[in-house]
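Structure file upload03.csv; described as CSV, C-alpha atoms.
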```csv
chain,number,residue,atom,x,y,z
Y,1,MET,CA,-6.2,1.3,-3.2
Y,2,ARG,CA,-2.5,1.1,-2.6
Y,3,LYS,CA,-0.2,3.2,-4.6
Y,4,ARG,CA,1.8,0.5,-6.5
Y,5,GLN,CA,-1.4,-1.3,-7.4
Y,6,ALA,CA,-3.0,1.9,-8.5
Y,7,LEU,CA,-0.1,3.0,-10.7
Y,8,ALA,CA,0.0,-0.5,-12.4
Y,9,ILE,CA,-3.7,-0.1,-13.2
Y,10,ALA,CA,-3.0,3.5,-14.5
Y,11,MET,CA,-0.7,2.3,-17.2
Y,12,PHE,CA,-3.5,0.1,-18.5
Y,13,ALA,CA,-6.3,2.7,-18.0
Y,14,LEU,CA,-4.5,5.5,-19.8
Y,15,ALA,CA,-4.5,3.4,-22.9
Y,16,LEU,CA,-8.3,3.3,-22.9
Y,17,LEU,CA,-10.5,5.8,-24.7
Y,18,ALA,CA,-12.8,7.8,-22.5
Y,19,VAL,CA,-16.3,6.2,-22.1
Y,20,ALA,CA,-19.6,7.9,-22.0
Y,21,THR,CA,-20.8,8.9,-18.5
Y,22,PRO,CA,-23.7,10.8,-17.2
Y,23,SER,CA,-23.3,14.6,-17.3
Y,24,ALA,CA,-21.7,16.1,-14.2
Y,25,ASN,CA,-23.5,18.8,-12.2
Y,26,ALA,CA,-22.3,22.1,-13.5
Y,27,GLN,CA,-23.2,23.9,-10.3
Y,28,PHE,CA,-20.2,22.6,-8.4
Y,29,THR,CA,-17.0,24.7,-8.2
Y,30,TYR,CA,-13.5,23.2,-7.9
Y,31,THR,CA,-10.8,25.1,-5.9
Y,32,VAL,CA,-7.2,24.2,-5.4
Y,33,LEU,CA,-6.4,24.8,-1.7
Y,34,HIS,CA,-2.7,23.8,-2.0
Y,35,THR,CA,-0.4,22.7,-4.8
Y,36,PHE,CA,2.6,20.6,-3.7
Y,37,THR,CA,5.8,21.8,-5.2
Y,38,GLY,CA,8.1,18.8,-4.6
Y,39,SER,CA,10.3,20.6,-2.1
Y,40,SER,CA,9.7,21.6,1.5
Y,41,ASP,CA,5.9,21.2,1.3
Y,42,GLY,CA,6.0,17.6,0.3
Y,43,VAL,CA,5.2,15.2,-2.6
Y,44,TYR,CA,2.2,12.9,-3.2
Y,45,PRO,CA,-0.4,13.7,-0.5
Y,46,SER,CA,-2.3,10.9,1.3
Y,47,PRO,CA,-6.1,10.8,2.0
Y,48,LEU,CA,-7.2,13.6,4.4
Y,49,ILE,CA,-9.1,13.8,7.6
Y,50,ARG,CA,-11.1,16.8,8.8
Y,51,ASP,CA,-11.7,17.8,12.4
Y,52,ALA,CA,-14.7,19.6,13.9
Y,53,GLU,CA,-13.1,23.0,13.4
Y,54,GLY,CA,-12.6,22.4,9.7
Y,55,ASN,CA,-8.9,21.8,9.8
Y,56,LEU,CA,-7.6,19.3,7.2
Y,57,TYR,CA,-4.7,16.9,8.1
Y,58,GLY,CA,-2.6,14.5,6.0
Y,59,THR,CA,0.8,13.2,5.1
Y,60,ALA,CA,3.0,13.7,2.1
Y,61,GLU,CA,4.9,10.6,1.0
Y,62,ALA,CA,8.2,12.5,0.3
Y,63,GLY,CA,9.5,16.0,0.3
Y,64,GLY,CA,10.1,18.0,3.5
Y,65,ASN,CA,13.7,18.0,4.7
Y,66,THR,CA,16.6,16.8,2.5
Y,67,LEU,CA,17.9,14.0,4.8
Y,68,CYS,CA,16.5,11.4,2.3
Y,69,ASP,CA,16.5,11.3,-1.5
Y,70,PHE,CA,13.6,13.5,-2.5
Y,71,GLY,CA,12.8,14.2,1.2
Y,72,CYS,CA,11.6,11.8,3.9
Y,73,GLY,CA,8.0,12.9,4.0
Y,74,LEU,CA,5.9,15.0,6.4
Y,75,VAL,CA,2.7,15.6,8.2
Y,76,PHE,CA,0.7,18.8,7.2
Y,77,LYS,CA,-2.3,20.8,8.2
Y,78,ILE,CA,-4.5,23.1,6.2
Y,79,PRO,CA,-6.9,25.3,8.3
Y,80,PRO,CA,-10.2,26.8,7.0
Y,81,ALA,CA,-8.2,29.9,6.0
Y,82,GLY,CA,-6.2,27.8,3.6
Y,83,ASN,CA,-2.7,28.3,4.8
Y,84,PHE,CA,-0.6,25.2,4.4
Y,85,THR,CA,1.4,24.3,7.6
Y,86,ASP,CA,4.2,21.7,7.8
Y,87,LEU,CA,3.6,20.1,11.2
Y,88,TYR,CA,6.5,17.6,11.2
Y,89,ASP,CA,9.3,16.4,8.8
Y,90,PHE,CA,10.4,12.8,9.1
Y,91,THR,CA,14.1,12.3,9.4
Y,92,ALA,CA,14.6,8.5,8.6
Y,93,GLY,CA,16.6,6.7,11.2
Y,94,ASN,CA,14.4,5.3,14.0
Y,95,ASN,CA,11.5,7.7,13.3
Y,96,GLY,CA,10.6,6.4,9.9
Y,97,VAL,CA,10.3,7.6,6.3
Y,98,TYR,CA,7.8,7.8,3.5
Y,99,PRO,CA,4.3,7.8,5.0
Y,100,ILE,CA,1.6,6.9,2.5
Y,101,ALA,CA,-1.4,6.3,4.9
Y,102,GLY,CA,-3.4,9.1,6.3
Y,103,VAL,CA,-3.5,10.1,9.9
Y,104,VAL,CA,-6.1,9.7,12.7
Y,105,GLN,CA,-6.8,12.1,15.5
Y,106,ASP,CA,-7.6,11.5,19.1
Y,107,LYS,CA,-10.0,13.6,21.3
Y,108,THR,CA,-7.1,15.8,22.5
Y,109,GLY,CA,-5.9,16.6,19.0
Y,110,ASN,CA,-2.9,14.2,18.8
Y,111,LEU,CA,-2.3,12.6,15.4
Y,112,TYR,CA,-1.3,9.0,14.8
Y,113,GLY,CA,0.0,7.4,11.7
Y,114,THR,CA,2.5,5.0,10.1
Y,115,THR,CA,5.5,5.1,7.8
Y,116,GLN,CA,6.5,2.6,5.1
Y,117,GLY,CA,10.0,1.9,6.5
Y,118,SER,CA,13.5,3.0,7.5
Y,119,GLY,CA,12.5,3.1,11.2
Y,120,PHE,CA,13.6,0.6,13.8
Y,121,PHE,CA,15.7,-2.0,12.0
Y,122,GLY,CA,14.6,-0.5,8.7
Y,123,LEU,CA,10.9,-1.5,9.3
Y,124,SER,CA,7.8,0.6,9.3
Y,125,VAL,CA,7.0,2.6,12.5
Y,126,LEU,CA,3.9,3.9,14.1
Y,127,PHE,CA,4.1,7.6,15.2
Y,128,LYS,CA,2.3,10.0,17.5
Y,129,LEU,CA,2.5,13.7,16.9
Y,130,THR,CA,1.2,15.9,19.7
Y,131,ARG,CA,-0.5,19.3,19.1
Y,132,GLY,CA,2.7,20.9,20.2
Y,133,GLY,CA,4.7,19.1,17.5
Y,134,LYS,CA,6.4,16.4,19.6
Y,135,GLU,CA,6.9,13.2,17.6
Y,136,THR,CA,7.3,9.7,19.1
Y,137,SER,CA,8.0,6.6,17.1
Y,138,TYR,CA,7.0,3.0,18.0
Y,139,ASP,CA,8.4,-0.2,16.6
Y,140,PRO,CA,5.5,-2.5,15.4
Y,141,THR,CA,7.1,-5.9,16.4
Y,142,GLY,CA,6.2,-8.7,14.1
Y,143,SER,CA,5.2,-6.7,11.0
Y,144,ILE,CA,6.7,-7.4,7.6
Y,145,GLY,CA,6.9,-4.8,4.9
Y,146,ASP,CA,5.2,-1.4,4.8
Y,147,LEU,CA,2.2,-0.2,6.8
Y,148,ALA,CA,0.0,1.4,4.2
Y,149,SER,CA,-3.4,1.8,6.0
Y,150,PRO,CA,-4.6,4.3,8.6
Y,151,LEU,CA,-4.9,3.4,12.3
Y,152,ALA,CA,-8.0,3.2,14.4
Y,153,LEU,CA,-8.2,4.4,18.1
Y,154,ASP,CA,-10.3,3.5,21.1
Y,155,GLU,CA,-11.4,5.6,24.0
Y,156,LYS,CA,-8.4,4.4,26.1
Y,157,GLY,CA,-5.8,5.6,23.6
Y,158,ASN,CA,-5.0,2.2,22.2
Y,159,ALA,CA,-4.2,2.1,18.4
Y,160,TYR,CA,-5.2,-0.7,16.1
Y,161,GLY,CA,-3.8,-1.4,12.7
Y,162,GLU,CA,-3.1,-3.8,9.8
Y,163,SER,CA,0.2,-5.2,8.5
Y,164,PRO,CA,-0.6,-6.5,5.0
Y,165,TYR,CA,2.3,-8.9,4.8
Y,166,GLY,CA,2.8,-9.7,8.5
Y,167,GLY,CA,2.7,-13.0,10.1
Y,168,THR,CA,4.7,-16.1,9.2
Y,169,PRO,CA,6.7,-15.6,5.9
Y,170,ASN,CA,5.5,-17.8,3.0
Y,171,CYS,CA,2.0,-18.3,4.3
Y,172,GLY,CA,1.3,-20.4,1.2
Y,173,TRP,CA,-0.9,-17.9,-0.5
Y,174,ASP,CA,1.2,-14.8,-1.4
Y,175,ARG,CA,3.1,-15.2,-4.6
Y,176,ASN,CA,6.1,-13.4,-3.2
Y,177,GLU,CA,6.3,-15.8,-0.2
Y,178,LEU,CA,5.4,-13.2,2.3
Y,179,GLY,CA,3.0,-13.4,5.2
Y,180,CYS,CA,-0.8,-13.2,4.7
Y,181,GLY,CA,-1.1,-10.3,7.1
Y,182,THR,CA,-1.8,-9.5,10.7
Y,183,LEU,CA,-3.9,-7.2,12.9
Y,184,PHE,CA,-2.3,-5.6,15.8
Y,185,LYS,CA,-2.9,-3.4,18.9
Y,186,MET,CA,-0.6,-0.8,20.4
Y,187,THR,CA,-1.2,0.5,24.0
Y,188,PRO,CA,-0.5,4.1,24.9
Y,189,ASN,CA,2.9,3.1,26.3
Y,190,GLY,CA,4.0,1.4,23.0
Y,191,LYS,CA,3.4,-2.2,23.8
Y,192,PHE,CA,2.4,-4.2,20.7
Y,193,THR,CA,0.1,-7.3,20.5
Y,194,ILE,CA,-0.8,-9.3,17.5
Y,195,ILE,CA,-4.6,-9.8,17.7
Y,196,HIS,CA,-5.0,-11.9,14.5
Y,197,THR,CA,-2.8,-13.6,12.0
Y,198,PHE,CA,-4.3,-14.3,8.6
Y,199,ASP,CA,-3.9,-17.8,7.0
Y,200,GLY,CA,-5.3,-17.1,3.6
Y,201,THR,CA,-8.6,-18.9,4.0
Y,202,ASP,CA,-9.8,-16.1,6.3
Y,203,GLY,CA,-8.3,-13.4,4.2
Y,204,MET,CA,-5.0,-12.1,3.0
Y,205,ASN,CA,-3.5,-8.6,2.6
Y,206,PRO,CA,-5.8,-6.6,5.0
Y,207,GLN,CA,-5.9,-2.9,3.9
Y,208,GLY,CA,-8.0,0.2,4.1
Y,209,GLY,CA,-7.9,0.5,7.9
Y,210,LEU,CA,-10.2,-0.8,10.7
Y,211,VAL,CA,-13.5,0.7,11.8
Y,212,ARG,CA,-14.9,0.5,15.4
Y,213,ASP,CA,-18.5,0.4,16.7
Y,214,ALA,CA,-19.7,1.8,20.0
Y,215,LYS,CA,-19.3,-1.5,21.8
Y,216,GLY,CA,-15.6,-1.8,20.9
Y,217,ASN,CA,-15.8,-4.3,18.0
Y,218,PHE,CA,-13.6,-3.8,15.0
Y,219,TYR,CA,-14.3,-4.5,11.3
Y,220,GLY,CA,-12.1,-4.5,8.3
Y,221,ALA,CA,-11.5,-5.9,4.8
Y,222,ALA,CA,-8.8,-8.2,3.4
Y,223,PHE,CA,-8.2,-7.6,-0.3
Y,224,PHE,CA,-7.2,-11.2,-1.2
Y,225,GLY,CA,-7.7,-14.6,0.3
Y,226,GLY,CA,-10.9,-16.5,1.1
Y,227,ILE,CA,-11.9,-18.8,-1.8
Y,228,ARG,CA,-8.5,-20.0,-3.2
Y,229,SER,CA,-10.0,-20.8,-6.7
Y,230,CYS,CA,-11.2,-17.2,-7.0
Y,231,THR,CA,-8.6,-14.7,-8.3
Y,232,THR,CA,-8.6,-11.0,-8.5
Y,233,THR,CA,-6.0,-8.5,-9.6
Y,234,GLY,CA,-4.1,-6.1,-7.4
Y,235,ASN,CA,-0.5,-4.9,-6.8
Y,236,GLY,CA,0.0,-5.3,-10.6
Y,237,HIS,CA,-0.9,-9.0,-10.8
Y,238,ASP,CA,-3.5,-11.5,-9.7
Y,239,GLU,CA,-3.5,-13.3,-6.4
Y,240,PRO,CA,-5.6,-16.2,-4.9
Y,241,GLY,CA,-8.8,-15.3,-3.2
Y,242,CYS,CA,-11.2,-12.5,-3.9
Y,243,GLY,CA,-11.2,-11.1,-0.4
Y,244,THR,CA,-13.2,-11.1,2.9
Y,245,ILE,CA,-15.0,-8.8,5.3
Y,246,PHE,CA,-14.2,-9.6,8.9
Y,247,LYS,CA,-15.0,-8.7,12.5
Y,248,ILE,CA,-12.9,-8.8,15.7
Y,249,ASP,CA,-15.1,-8.6,18.8
Y,250,VAL,CA,-14.2,-7.1,22.1
Y,251,ASN,CA,-12.9,-10.5,23.3
Y,252,GLY,CA,-10.6,-10.9,20.3
Y,253,LYS,CA,-12.7,-13.4,18.4
Y,254,TYR,CA,-12.2,-13.2,14.7
Y,255,THR,CA,-15.2,-13.9,12.4
Y,256,VAL,CA,-15.5,-13.7,8.6
Y,257,LEU,CA,-18.7,-11.9,7.8
Y,258,HIS,CA,-18.5,-12.3,4.0
Y,259,THR,CA,-16.2,-14.1,1.6
Y,260,PHE,CA,-16.2,-12.6,-1.9
Y,261,THR,CA,-16.8,-14.9,-4.9
Y,262,GLY,CA,-15.6,-12.6,-7.7
Y,263,HIS,CA,-19.0,-12.6,-9.3
Y,264,LYS,CA,-22.1,-10.5,-8.5
Y,265,ASP,CA,-20.8,-9.6,-5.0
Y,266,GLY,CA,-17.5,-8.2,-6.2
Y,267,ALA,CA,-13.8,-8.9,-5.5
Y,268,GLY,CA,-11.0,-7.1,-3.8
Y,269,PRO,CA,-12.7,-5.0,-1.1
Y,270,GLN,CA,-10.6,-1.8,-0.5
Y,271,GLY,CA,-11.8,-0.9,3.0
Y,272,LEU,CA,-14.9,-0.1,5.1
Y,273,ILE,CA,-16.8,2.8,6.6
Y,274,ILE,CA,-19.4,2.3,9.4
Y,275,ASP,CA,-22.6,4.2,10.3
Y,276,SER,CA,-24.2,4.7,13.8
Y,277,GLU,CA,-26.4,1.6,13.3
Y,278,VAL,CA,-23.3,-0.6,12.6
Y,279,ASN,CA,-23.9,-1.0,8.9
Y,280,LEU,CA,-20.7,-1.4,6.9
Y,281,TYR,CA,-20.1,0.0,3.4
Y,282,GLY,CA,-17.3,-0.4,1.0
Y,283,ILE,CA,-16.0,-0.6,-2.6
Y,284,ALA,CA,-14.9,-3.9,-4.2
Y,285,GLN,CA,-12.4,-3.1,-6.9
Y,286,ASN,CA,-13.3,-6.0,-9.2
Y,287,GLY,CA,-16.1,-8.4,-9.7
Y,288,GLY,CA,-19.7,-7.5,-10.5
Y,289,ASN,CA,-20.1,-7.0,-14.2
Y,290,HIS,CA,-17.6,-9.0,-16.3
Y,291,GLY,CA,-19.2,-8.2,-19.7
Y,292,GLY,CA,-17.4,-6.7,-22.7
Y,293,ASN,CA,-14.2,-4.8,-23.5
Y,294,GLY,CA,-11.9,-7.4,-21.9
Y,295,HIS,CA,-13.0,-6.8,-18.3
Y,296,LEU,CA,-11.7,-10.2,-17.2
Y,297,TYR,CA,-12.0,-9.4,-13.5
Y,298,GLY,CA,-15.1,-7.2,-13.5
Y,299,LEU,CA,-15.5,-3.4,-12.9
Y,300,GLY,CA,-16.4,-3.5,-9.2
Y,301,THR,CA,-19.3,-3.1,-6.8
Y,302,ILE,CA,-20.4,-1.0,-3.9
Y,303,PHE,CA,-21.7,-3.1,-1.1
Y,304,LYS,CA,-23.3,-3.1,2.4
Y,305,VAL,CA,-23.0,-5.5,5.3
Y,306,ASP,CA,-25.8,-4.7,7.8
Y,307,LYS,CA,-25.6,-5.1,11.6
Y,308,SER,CA,-26.9,-8.7,11.4
Y,309,GLY,CA,-24.1,-9.6,9.0
Y,310,LYS,CA,-26.3,-9.7,5.8
Y,311,PHE,CA,-24.3,-8.8,2.7
Y,312,SER,CA,-25.9,-6.9,-0.2
Y,313,VAL,CA,-24.7,-5.1,-3.4
Y,314,LEU,CA,-25.9,-1.5,-3.6
Y,315,PHE,CA,-24.4,-0.7,-7.0
Y,316,THR,CA,-22.6,-2.5,-9.8
Y,317,PHE,CA,-20.2,-0.6,-12.1
Y,318,THR,CA,-20.9,-1.4,-15.8
Y,319,PRO,CA,-19.2,-0.6,-19.0
Y,320,ASN,CA,-21.6,2.3,-19.8
Y,321,ILE,CA,-20.5,3.9,-16.5
Y,322,THR,CA,-16.8,3.1,-16.4
Y,323,GLY,CA,-14.2,1.6,-18.8
Y,324,SER,CA,-11.7,0.7,-16.1
Y,325,VAL,CA,-11.3,0.1,-12.4
Y,326,GLY,CA,-9.6,2.5,-10.1
Y,327,TYR,CA,-11.3,4.0,-7.0
Y,328,ALA,CA,-10.2,5.9,-3.9
Y,329,ASN,CA,-10.1,3.4,-1.1
Y,330,LEU,CA,-13.0,4.6,1.1
Y,331,LEU,CA,-16.5,6.0,0.6
Y,332,VAL,CA,-18.0,8.7,2.7
Y,333,ARG,CA,-21.7,8.9,3.8
Y,334,ASP,CA,-23.8,11.9,4.5
Y,335,SER,CA,-26.6,12.3,7.1
Y,336,LYS,CA,-29.3,11.3,4.6
Y,337,GLY,CA,-27.6,8.0,3.8
Y,338,ASN,CA,-26.1,8.9,0.4
Y,339,LEU,CA,-22.7,7.5,-0.4
Y,340,TYR,CA,-19.9,9.3,-2.2
Y,341,GLY,CA,-16.7,8.2,-3.8
Y,342,ALA,CA,-14.0,9.1,-6.3
Y,343,LYS,CA,-13.1,7.4,-9.5
Y,344,GLN,CA,-9.5,7.8,-10.6
Y,345,TYR,CA,-10.1,7.4,-14.3
Y,346,ASP,CA,-13.0,7.8,-16.8
Y,347,GLY,CA,-15.5,10.6,-16.5
Y,348,ALA,CA,-15.9,13.3,-19.2
Y,349,HIS,CA,-12.1,14.0,-19.3
Y,350,ASN,CA,-10.9,10.4,-18.6
Y,351,ALA,CA,-9.4,11.9,-15.4
Y,352,GLY,CA,-11.9,10.5,-12.9
Y,353,CYS,CA,-14.9,12.0,-11.1
Y,354,LEU,CA,-16.7,12.5,-7.8
Y,355,PHE,CA,-19.8,10.3,-7.7
Y,356,ARG,CA,-22.8,9.7,-5.5
Y,357,ILE,CA,-24.9,6.5,-4.9
Y,358,ASP,CA,-28.2,7.6,-3.4
Y,359,THR,CA,-30.4,5.6,-1.0
Y,360,ARG,CA,-32.2,4.1,-4.0
Y,361,GLY,CA,-28.9,2.9,-5.5
Y,362,THR,CA,-28.8,5.5,-8.3
Y,363,TYR,CA,-25.4,6.5,-9.6
Y,364,THR,CA,-24.7,10.2,-10.4
Y,365,ASP,CA,-21.5,11.7,-11.7
Y,366,LEU,CA,-21.4,14.9,-9.7
Y,367,PHE,CA,-18.1,16.4,-10.9
Y,368,ASP,CA,-15.6,15.4,-13.6
Y,369,PHE,CA,-12.0,16.1,-12.8
Y,370,ALA,CA,-10.0,18.2,-15.3
Y,371,THR,CA,-8.1,16.6,-18.1
Y,372,HIS,CA,-4.3,16.3,-18.0
Y,373,VAL,CA,-1.7,16.2,-20.7
Y,374,ALA,CA,1.4,14.1,-20.2
Y,375,GLY,CA,0.7,14.1,-16.5
Y,376,GLU,CA,0.3,17.9,-16.1
Y,377,ASN,CA,-2.6,20.1,-15.2
Y,378,GLU,CA,-3.3,22.8,-12.6
Y,379,GLU,CA,-6.1,21.0,-10.6
Y,380,GLY,CA,-4.3,17.7,-10.0
Y,381,PHE,CA,-5.5,14.2,-10.8
Y,382,PHE,CA,-5.6,10.6,-9.4
Y,383,PRO,CA,-7.8,11.3,-6.3
Y,384,VAL,CA,-6.9,9.2,-3.3
Y,385,GLY,CA,-9.6,10.2,-0.9
Y,386,ILE,CA,-12.5,12.6,-0.1
Y,387,VAL,CA,-14.0,13.9,3.1
Y,388,LEU,CA,-17.3,15.7,3.6
Y,389,GLY,CA,-17.5,19.4,4.6
Y,390,SER,CA,-20.2,21.0,6.7
Y,391,ALA,CA,-22.1,22.8,3.9
Y,392,GLY,CA,-22.6,20.1,1.2
Y,393,ASP,CA,-19.0,20.5,0.1
Y,394,PHE,CA,-16.1,18.0,-0.3
Y,395,TYR,CA,-12.4,18.1,0.3
Y,396,GLY,CA,-9.8,15.7,-1.1
Y,397,SER,CA,-6.3,15.1,-2.2
Y,398,MET,CA,-4.9,14.4,-5.7
Y,399,GLU,CA,-1.8,12.3,-5.6
Y,400,LEU,CA,-0.5,13.6,-9.0
Y,401,GLY,CA,-0.7,16.8,-11.1
Y,402,GLY,CA,-1.0,20.4,-10.1
Y,403,SER,CA,1.3,23.1,-11.4
Y,404,SER,CA,4.4,21.1,-10.2
Y,405,GLY,CA,3.1,17.6,-10.8
Y,406,PHE,CA,3.3,16.5,-7.2
Y,407,GLY,CA,-0.4,16.6,-6.2
Y,408,THR,CA,-3.0,19.0,-4.8
Y,409,VAL,CA,-5.5,19.4,-2.0
Y,410,PHE,CA,-8.9,20.6,-3.3
Y,411,GLN,CA,-12.4,21.7,-2.3
Y,412,ILE,CA,-15.6,21.0,-4.4
Y,413,LYS,CA,-18.6,23.1,-3.3
Y,414,PRO,CA,-22.1,23.8,-4.6
```
Written as structure tokens, how would this file's structure read?
Amino acid sequence: MRKRQALAIAMFALALLAVATPSANAQFTYTVLHTFTGSSDGVYPSPLIRDAEGNLYGTAEAGGNTLCDFGCGLVFKIPPAGNFTDLYDFTAGNNGVYPIAGVVQDKTGNLYGTTQGSGFFGLSVLFKLTRGGKETSYDPTGSIGDLASPLALDEKGNAYGESPYGGTPNCGWDRNELGCGTLFKMTPNGKFTIIHTFDGTDGMNPQGGLVRDAKGNFYGAAFFGGIRSCTTTGNGHDEPGCGTIFKIDVNGKYTVLHTFTGHKDGAGPQGLIIDSEVNLYGIAQNGGNHGGNGHLYGLGTIFKVDKSGKFSVLFTFTPNITGSVGYANLLVRDSKGNLYGAKQYDGAHNAGCLFRIDTRGTYTDLFDFATHVAGENEEGFFPVGIVLGSAGDFYGSMELGGSSGFGTVFQIKP
């Protein structure tokens, strides 16, 4: 879920009382690997990735050098030994500022990502950071506004991404008269091509990043758009359409795999993950259960789209599980088929939790995040993403909290 949307929900959620949830597994241990101080090490970390050697990589939205107010943001690494390393500080100008999406890594170890703006002509940029620390910025021609989703790469080194408000301004759906969004491709030499422009009926505001199957087809989610009479909330207000799941095949053909109705299937899909059999999984922020406590838009669902395109709901959040919406964008899946995610509110301390949906669709609260008082605690709060470790453990980032209030990177292990 994008940051401005999440913080708008936070103002509502913090006014709610904690709700009863299943007991968390007391055998898990939580360790803070790094606390962001708001200075040279950054502010507000993004979701992480983890490489085969156990190194963690991410971005910090601000902090780093002092060329921008509060710093321009940076790219960091935390190796298994736990020593935080600042890999690169953004400097504004043509190389961008304020990254909020996570990075992706190619097979040679280069990192790719996006910044929100202040690059070429003040727009967002794509960047490549080599293992040696050389940064190159690229101008995503045709995008509008910030780029807030991670990129996807193919074996030829092409990068693929989403511009949530790209395309023709005032597409007729967005209340701010922006575009409905675009999907784009960038070649290794920096040439950009728009591969799809959304018109609202096929989706609006693509986010969460694209995923790729072994044949080269791409899949993704648009948070809004689809059925115009269906509305869901995001970015602090409601918008037309409850979202779509889509596919772009190797020939560039765009197909809507599912259009959300806002009812049992959910509304507002936040992004997708993919397994080796080309099954897709994701969280819909709203829809599902609309019962009680003023949950006008529903509390969300976890869904699957199989390789044939069949959509199914694996789990529906209900008032006895959660009192509010607010989920880290993407799930993770283990080798047994269990799905894991992070709630940003509720749990035993009303500070969110790590949860599991097993292959039978059973929900388990595995670990409740620590309470915070007036936005302060040592462990951090407001999880923005988790990744699996190699020994049944989990790593993640908290956007807020920690001893300085600017977020943490953590490990949860059995």
Can you tell me, as a ChimeraX atom specification, what residues are no more than 7 Å from range 351-363 of chain Y when counting only C-alpha atoms, ignoring any on the same chain fewer than 6 positions away?
/Y:314-315,337-345,369-371,381
Please list, as a PyMOL selection string, the residues that have an atom at most 6 Å away from (-23.1, -4.4, 1.6) in the coordinates of this file, counting only C-alpha atoms.
chain Y and resi 281+303-305+311-313
Just want the 7 Å neighbourhood of Phe382 in chain Y, counted on only C-alpha atoms, with same-chain residues fewer than 3 positions away dropped. Output as number ranges by chain.
Y: 344, 398-400
Between CA of Gly241 in chain Y and CA of Ala222 in chain Y, distance in Å (one decimal)
9.7 Å
Can you pull out the residues contacting range 246-253 of chain Y? Cut-off 10 Å, using all atoms listed in the file, and skip same-chain residues under 6 positions away; I want them as number ranges by chain.
Y: 183, 195-196, 202-203, 206, 210-213, 215-222, 259, 309
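When the distance limit is 7 Å and all atoms listed in the file are what count, the residues near Asp41 in chain Y, minus those fewer than 2 positions from it on the same chain, are Y:Phe36, Y:Thr37, Y:Gly38, Y:Ser39, Y:Gly63, Y:Gly64, Y:Asp86.
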Quick one: write out the picked residues with C-alpha atoms as an mmCIF file, in the frame of the given file?
```
data_model
loop_
_atom_site.group_PDB
_atom_site.id
_atom_site.type_symbol
_atom_site.label_atom_id
_atom_site.label_comp_id
_atom_site.auth_asym_id
_atom_site.auth_seq_id
_atom_site.Cartn_x
_atom_site.Cartn_y
_atom_site.Cartn_z
ATOM 1 C CA PHE Y 36 2.600 20.600 -3.700
ATOM 2 C CA THR Y 37 5.800 21.800 -5.200
ATOM 3 C CA GLY Y 38 8.100 18.800 -4.600
ATOM 4 C CA SER Y 39 10.300 20.600 -2.100
ATOM 5 C CA GLY Y 63 9.500 16.000 0.300
ATOM 6 C CA GLY Y 64 10.100 18.000 3.500
ATOM 7 C CA ASP Y 86 4.200 21.700 7.800
#
```
One residue among Y:Lys128, Y:Lys264, Y:Arg228, Y:Lys134 is nearest to Pro188 in chain Y when using only C-alpha atoms, and that residue is Y:Lys128
Which residues, written as a PyMOL selection string, have at least one atom at most 6 Å from Ile283 in chain Y, with all atoms listed in the file counted and residues fewer than 4 positions away on the same chain left out?
chain Y and resi 269-270+301-302
